[in-house]
Every structure is written in C-alpha cells, then in structure tokens.
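Written below as structure tokens is the structure these notes are about.
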Amino acid sequence: MLDIKFIRENPDVVKNAIKVKQLEGTVDIDELLQVDSELQKITKELDELRRQRNELDKKIKFEKDLEKKKPFIEEASQLKPKINETENKYKELKEKFDALMLWVPNVPADDVPIGEDESGNVEIRVVGEKPEFDFEPKTHVDLIENLKLADTKRGTKIAGFRGYFVTGKGAILEQAILRYAYDFMVEQGFTAMNVPVMVKKEWLVGTGYFPWGQEDHYSVEDDLALVGTAEVSLTSYYANEVLKEEDLPVKLMGISPCFRREVGSHGKDTRGIFRVHYFNKVEQVVLLPASEDLTREWHDRMLGYAEQILQNLNLPYHVLLMCTGDMGAGQRKKYDIEVWFSGQGKYRETHSDSYFLDFQARRLNMKYVDKDGNKKYVYTLNNTVAATPRLLAGLIENYQQKDGSVVVPEVLRKYTGFDVIEPE
RNA sequence: GGAGGGGUGGCUGAGCGGUUUAAAGCGGCGGAUUGCUAAUCCGUUGGGCAGAAAUGUCCACGCAGGUUCGAAUCCUGUCCCCUCCGCCA
C-alpha cells in the first residue's frame, strides 16, 4: 500500500507505475482521488457534527437542574439522525476507498528497466561454467524416469494434473538440497522458522499477493488459504506489532511447502517436475529500518546468499534485473536468478529477490520506533534460498554422466550419504 | 467439544455509564544538573484533519454491531489468549 499523501501529490507517478507494470484497468487513480476528496469532505462534516454533540454532552453533564437539562437533551436527540446518516455515508466511502487502495501497485525504482514482459529483463551477470558433454545431455524428464528419482505418472494418479512423487535417492537428494540451504542460512545468522502454510487471507492481502494473485492460490475451509511461499508467514510474523530499531534488521529464514494453482501457465512445462502445484522452498525475509539505501544493500546481499549456494553447488546461472512488466504489483525492484539446465539447453528461473520499501508493512501495520522515538513502517525484502524439486531438476541435468548416472555435488554428500546415483 | 477467566498505549496495569484530559509506573526521546557513569528533577511519548506555530478538533480501550442525549464501562455477535476437563498425532 502506498501513502495516500504520496498518491495525492504524485498522481502521474502512480499512473505511470500502473502503466509500465501492465496493470492498466485494475485501478483508476482519478477515481481513487475523487473518492479520497469526497471522503475528506465527509470526514470534516462528521467531525463537526460530533463536535456539536460532544459540546451538548458536556452541557448535559454539568447542568444539575433537570428542567434546564431538558432542552439540551432534546437538541442532542435531534442531532442523532444527522450523525447516523453522515456516519453511514462515511463508512460507505471508506470501504470504497480502502478497496481501491488495495489495488494501487508500488512504484518501481528508478533503475528498473521499462518493459512489457520477460523480454524486457536485463541480464546483469553470468556466473559459472556450463558443463560440456561429449554426448547429448538428457532433460530431467528422462533422467528422473531412468534413475527412478521421481514418478509423475503415479503422481498424477494420486494428485491430479502436475502431481508427482519424488522417490528413492531423488527424495534423499531433494532433502539434502533443502537441508544444505537451510544450514547455510543459519550460518549467515538468520533465525530458522518452520512456518504455517495455511494462513488467514488477510496476510495474503498484507504481503501483496491478494487481490492481484487471488486466482493463483488455493482456498481451504475456515476461510484460510494455502501459501504460495513461506514469505507470507515470515513477513507477517510481526504484523500489527511495533518493533524497536535496535531489533532491526530482523533476519528470518523459513522452510515450507508452497502451493500454486499455476492458472496463468496452462500447457507450460507440463512434463517432469519443473512446474508443479506444490513444492518445497527455503525462503529468506529481512525487515529493515526505513532506508532505501540500506534496503538496496540488503537486496544485493540476499541475492549474494543465493548465488553463493549455487556456486557451492557448482551450478551455472545468470542474474536478471526484472523489467517493470515482469515484476509483482507490490515490488519496487526484483532480481531473478536462472540456473542453467543442460538438458533443456536454457536458463530457467529458480530464485526471485525483491524489495518493497514500506508497501507490505503498511498493509501489515508493522512498525518500529526509531532512535528519536518516532514510529515508522519497517521496510521488507525477501529472496529464495532454494526451491525444490525445480532446483533438483536443474541439478541432475547438470550433473548427469555419459553412463546415465548422476553425480552428487560435493557439498551435499554429507546429507545424502552417497556420491552418485546409478541406473539400476 | 465442555466449564471458567481475560484482551486497555512501546510495556506493566487502574478505571466498570457523564467528575470535561484513559490514573499510575516502567521504558523511549528532549532538556536541566553533573569529571564520566549512575541517581535526581522538568518536559514529552496513539492516529487523523486544520494551522507556519501556539493551538483547535475528531477518532482510538481486540474486531463488528446495538442500547443511550452520552459507552473503555451495559447488551449481542465474532476473533484471539490463559486455566481446567474430554478427545487426539
């Protein structure tokens, strides 16, 4: 959520953000400002009526003579329907205003490239050597079948479209990746959190997934929804609370299953375990004091953690600076990391690193008291640490051998207990 | 699922229809004093709106309704927390 004062003073900036983020038609800023000015007007009227009532209340309270009291009570009674009527108008406008505000996106940072879709993203770094093969490398779809690392056929039987089991050594390798990422972040001083995956919808609104991404989430009984990422639970952890500046930065790291309906990607990546409805992810979330400079430092640092893990796994990747059309409504700036998938012969998205300034904190009512005693909204950031089975898929495509086996990366061996996965 | 108790500011906690300001304390911030620290004293410390400011005004006691001229206080609903009982991985 943006500050309404900012929107009033910079309507063109916000309108432009809506345009470059490809969100035209979702919210009309002129309509919002119209409702806002009506709301301001009615608020003043209501204040004035209440002031009159309060004044009469005092007269009633201090007038001991019952007869002299009567006309005041009479006057206050006449004021009542007026106040009720104005209150109803106010409520109606306030609801309208709040609903519109939820649809106003964040403004992209100045260094975010303008673009309509993923073609506008800018490659800013290429890291690692792509493995060379003296044979035709297989995709993970074939590898998981040959080595029995996953079973999508029975997965679909049990869980429907995009269903899968990760099996045998594949399952162990998947857990090894997650555990390695988990331990890595603990070493960086992050607090480990195993988080709720079924949450109240207000936190999906608070983190900015709703209303835009409502269709991509699963709703469950009792007005709860399944999270698409641990970010939702982690970022909401301190919602409606006031932290102290010395508590910042808050560095949280959580693991959770993630649920995504993938409504916008019908027919994409339908084979294998690349794009699925449920996956596991280790996520990092940081809460900072209100400084964009500091935020940008941390944004890069969090990207660095993810890169370090990929480098330790010896996986080649590149980093993209996402353009306006390919970033979320709430995000101010975003990097994606795409890992090289040797079998597919292309880079595929595995990580997403974003910052929001106070956009999420306003929705979550999450503040801190600064050194001068002022209350401010915290600034929030999040990034993937490792997501499987997608990263597992990339890993086996890069670590496959001519004889059909897959070698386990050095750093994972203490978790797997085996060095290589061979065909039976 | 059953029976009780309770949600008040950054925190603790009083108030239980109107004593015009939500007491008091702690913590924070500003100042005074001070070799330094500590202590002490004074001020300040929820959110809007108007104003350069002084100030004025409205709102706010989990949330939403209701009763009333007037609600933190009474009533209804709802969410959450605590204690006990039952069930349970």
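Just remember, in the structure tokens the first chain shown is A, the second B, etc., residues are 1-based per chain, and ligands are 1-based in the order shown.
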
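The list of chain B residues within 8 Å of chain A is B:G10, B:G18, B:U20, B:G28, B:C29, B:U45, B:C49, B:U57, B:C58, B:C69, B:G70; this uses only C-alpha atoms (C1' of nucleotides).
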
| request: Please identify all polymer residues within 10 Å of U8 in chain B, counting only C-alpha atoms (C1' of nucleotides), omitting same-chain residues fewer than 4 positions from it, and present them as JSON, numbers by chain. | output: {"B": [13, 14, 15, 22, 61, 62, 72]}

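Distance-wise, CA of Gln360 in chain A and CA of Thr207 in chain A end up 5.1 Å apart.
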
| message | Give me, as a PyMOL selection string, the residues of range 211-320 of chain A that a backbone DSSP run labels strand (DSSP E or B). | response | chain A and resi 219-220+224-226+242-244+250-259+278-288+317-320

Requested write-out: N, CA and C atoms of the selected residues, as a CSV table (one decimal), in the first residue's frame:
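And here's result_13.csv as it stands now:
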chain,number,residue,atom,x,y,z
A,219,SER,N,-7.8,-21.9,-1.8
A,219,SER,CA,-8.6,-21.6,-0.6
A,219,SER,C,-9.0,-22.9,0.1
A,220,VAL,N,-9.0,-22.9,1.4
A,220,VAL,CA,-9.4,-24.1,2.1
A,220,VAL,C,-10.5,-23.7,3.1
A,224,LEU,N,-9.4,-20.0,5.3
A,224,LEU,CA,-7.9,-20.0,5.2
A,224,LEU,C,-7.5,-20.2,3.8
A,225,ALA,N,-6.2,-20.0,3.5
A,225,ALA,CA,-5.7,-20.2,2.2
A,225,ALA,C,-4.3,-20.9,2.3
A,226,LEU,N,-3.9,-21.6,1.3
A,226,LEU,CA,-2.5,-22.2,1.3
A,226,LEU,C,-1.5,-21.2,0.8
A,242,VAL,N,4.8,-3.3,17.0
A,242,VAL,CA,5.8,-2.2,16.9
A,242,VAL,C,7.1,-2.7,17.4
A,243,LEU,N,8.1,-2.8,16.6
A,243,LEU,CA,9.4,-3.3,16.9
A,243,LEU,C,10.3,-2.1,17.4
A,244,LYS,N,11.4,-2.4,17.9
A,244,LYS,CA,12.4,-1.3,18.3
A,244,LYS,C,13.5,-1.3,17.2
A,250,VAL,N,15.7,-7.6,11.3
A,250,VAL,CA,15.2,-8.9,11.6
A,250,VAL,C,15.5,-9.8,10.4
A,251,LYS,N,16.2,-10.9,10.7
A,251,LYS,CA,16.6,-11.8,9.6
A,251,LYS,C,16.0,-13.2,9.8
A,252,LEU,N,15.0,-13.5,9.0
A,252,LEU,CA,14.2,-14.8,9.2
A,252,LEU,C,14.4,-15.7,8.0
A,253,MET,N,14.5,-16.9,8.3
A,253,MET,CA,14.6,-17.9,7.2
A,253,MET,C,13.7,-19.0,7.5
A,254,GLY,N,12.9,-19.4,6.5
A,254,GLY,CA,11.9,-20.4,6.8
A,254,GLY,C,11.8,-21.4,5.7
A,255,ILE,N,11.3,-22.6,6.1
A,255,ILE,CA,11.0,-23.6,5.1
A,255,ILE,C,9.6,-24.0,5.1
A,256,SER,N,9.0,-24.2,3.9
A,256,SER,CA,7.6,-24.6,3.8
A,256,SER,C,7.3,-25.2,2.5
A,257,PRO,N,6.3,-26.1,2.5
A,257,PRO,CA,5.7,-26.4,1.2
A,257,PRO,C,5.0,-25.2,0.6
A,258,CYS,N,5.0,-25.1,-0.7
A,258,CYS,CA,4.4,-23.9,-1.4
A,258,CYS,C,3.4,-24.4,-2.4
A,259,PHE,N,2.2,-23.8,-2.4
A,259,PHE,CA,1.1,-24.2,-3.2
A,259,PHE,C,0.7,-23.2,-4.3
A,278,TYR,N,2.7,-28.0,-6.0
A,278,TYR,CA,3.2,-28.0,-4.6
A,278,TYR,C,4.7,-28.3,-4.7
A,279,PHE,N,5.5,-27.5,-4.0
A,279,PHE,CA,6.9,-27.7,-3.9
A,279,PHE,C,7.4,-27.2,-2.6
A,280,ASN,N,8.7,-27.4,-2.4
A,280,ASN,CA,9.3,-27.1,-1.1
A,280,ASN,C,10.3,-25.9,-1.3
A,281,LYS,N,10.3,-25.0,-0.4
A,281,LYS,CA,11.2,-23.9,-0.6
A,281,LYS,C,11.8,-23.4,0.8
A,282,VAL,N,13.0,-23.1,0.8
A,282,VAL,CA,13.6,-22.3,1.9
A,282,VAL,C,13.7,-20.9,1.4
A,283,GLU,N,13.2,-20.0,2.3
A,283,GLU,CA,13.0,-18.6,1.9
A,283,GLU,C,13.7,-17.7,2.9
A,284,GLN,N,14.2,-16.6,2.5
A,284,GLN,CA,14.8,-15.6,3.4
A,284,GLN,C,14.0,-14.3,3.4
A,285,VAL,N,13.7,-13.7,4.6
A,285,VAL,CA,13.0,-12.5,4.7
A,285,VAL,C,13.8,-11.6,5.7
A,286,VAL,N,13.9,-10.3,5.3
A,286,VAL,CA,14.6,-9.3,6.1
A,286,VAL,C,13.7,-8.1,6.4
A,287,LEU,N,13.6,-7.7,7.6
A,287,LEU,CA,12.9,-6.4,8.0
A,287,LEU,C,14.0,-5.4,8.4
A,288,LEU,N,13.9,-4.2,7.7
A,288,LEU,CA,14.9,-3.2,7.9
A,288,LEU,C,14.2,-1.9,8.4
A,317,TYR,N,24.7,-20.1,-13.6
A,317,TYR,CA,23.4,-19.3,-13.6
A,317,TYR,C,23.7,-17.9,-14.2
A,318,HIS,N,22.6,-17.2,-14.4
A,318,HIS,CA,22.8,-15.8,-14.7
A,318,HIS,C,21.7,-15.0,-13.8
A,319,VAL,N,22.0,-13.8,-13.6
A,319,VAL,CA,21.1,-12.9,-12.8
A,319,VAL,C,20.4,-11.9,-13.7
A,320,LEU,N,19.1,-11.8,-13.6
A,320,LEU,CA,18.4,-10.9,-14.4
A,320,LEU,C,17.8,-9.8,-13.5

| query | At what distance in Å, to one decimal, does CA of Ile309 in chain A lie from CA of Gln401 in chain A? | reply | 22.2 Å

| field | Polymer residues at most 10 Å from range 120-124 of chain A, only C-alpha atoms (C1' of nucleotides), same-chain spacing of 3 or more positions, as a count of residues only | value | 19
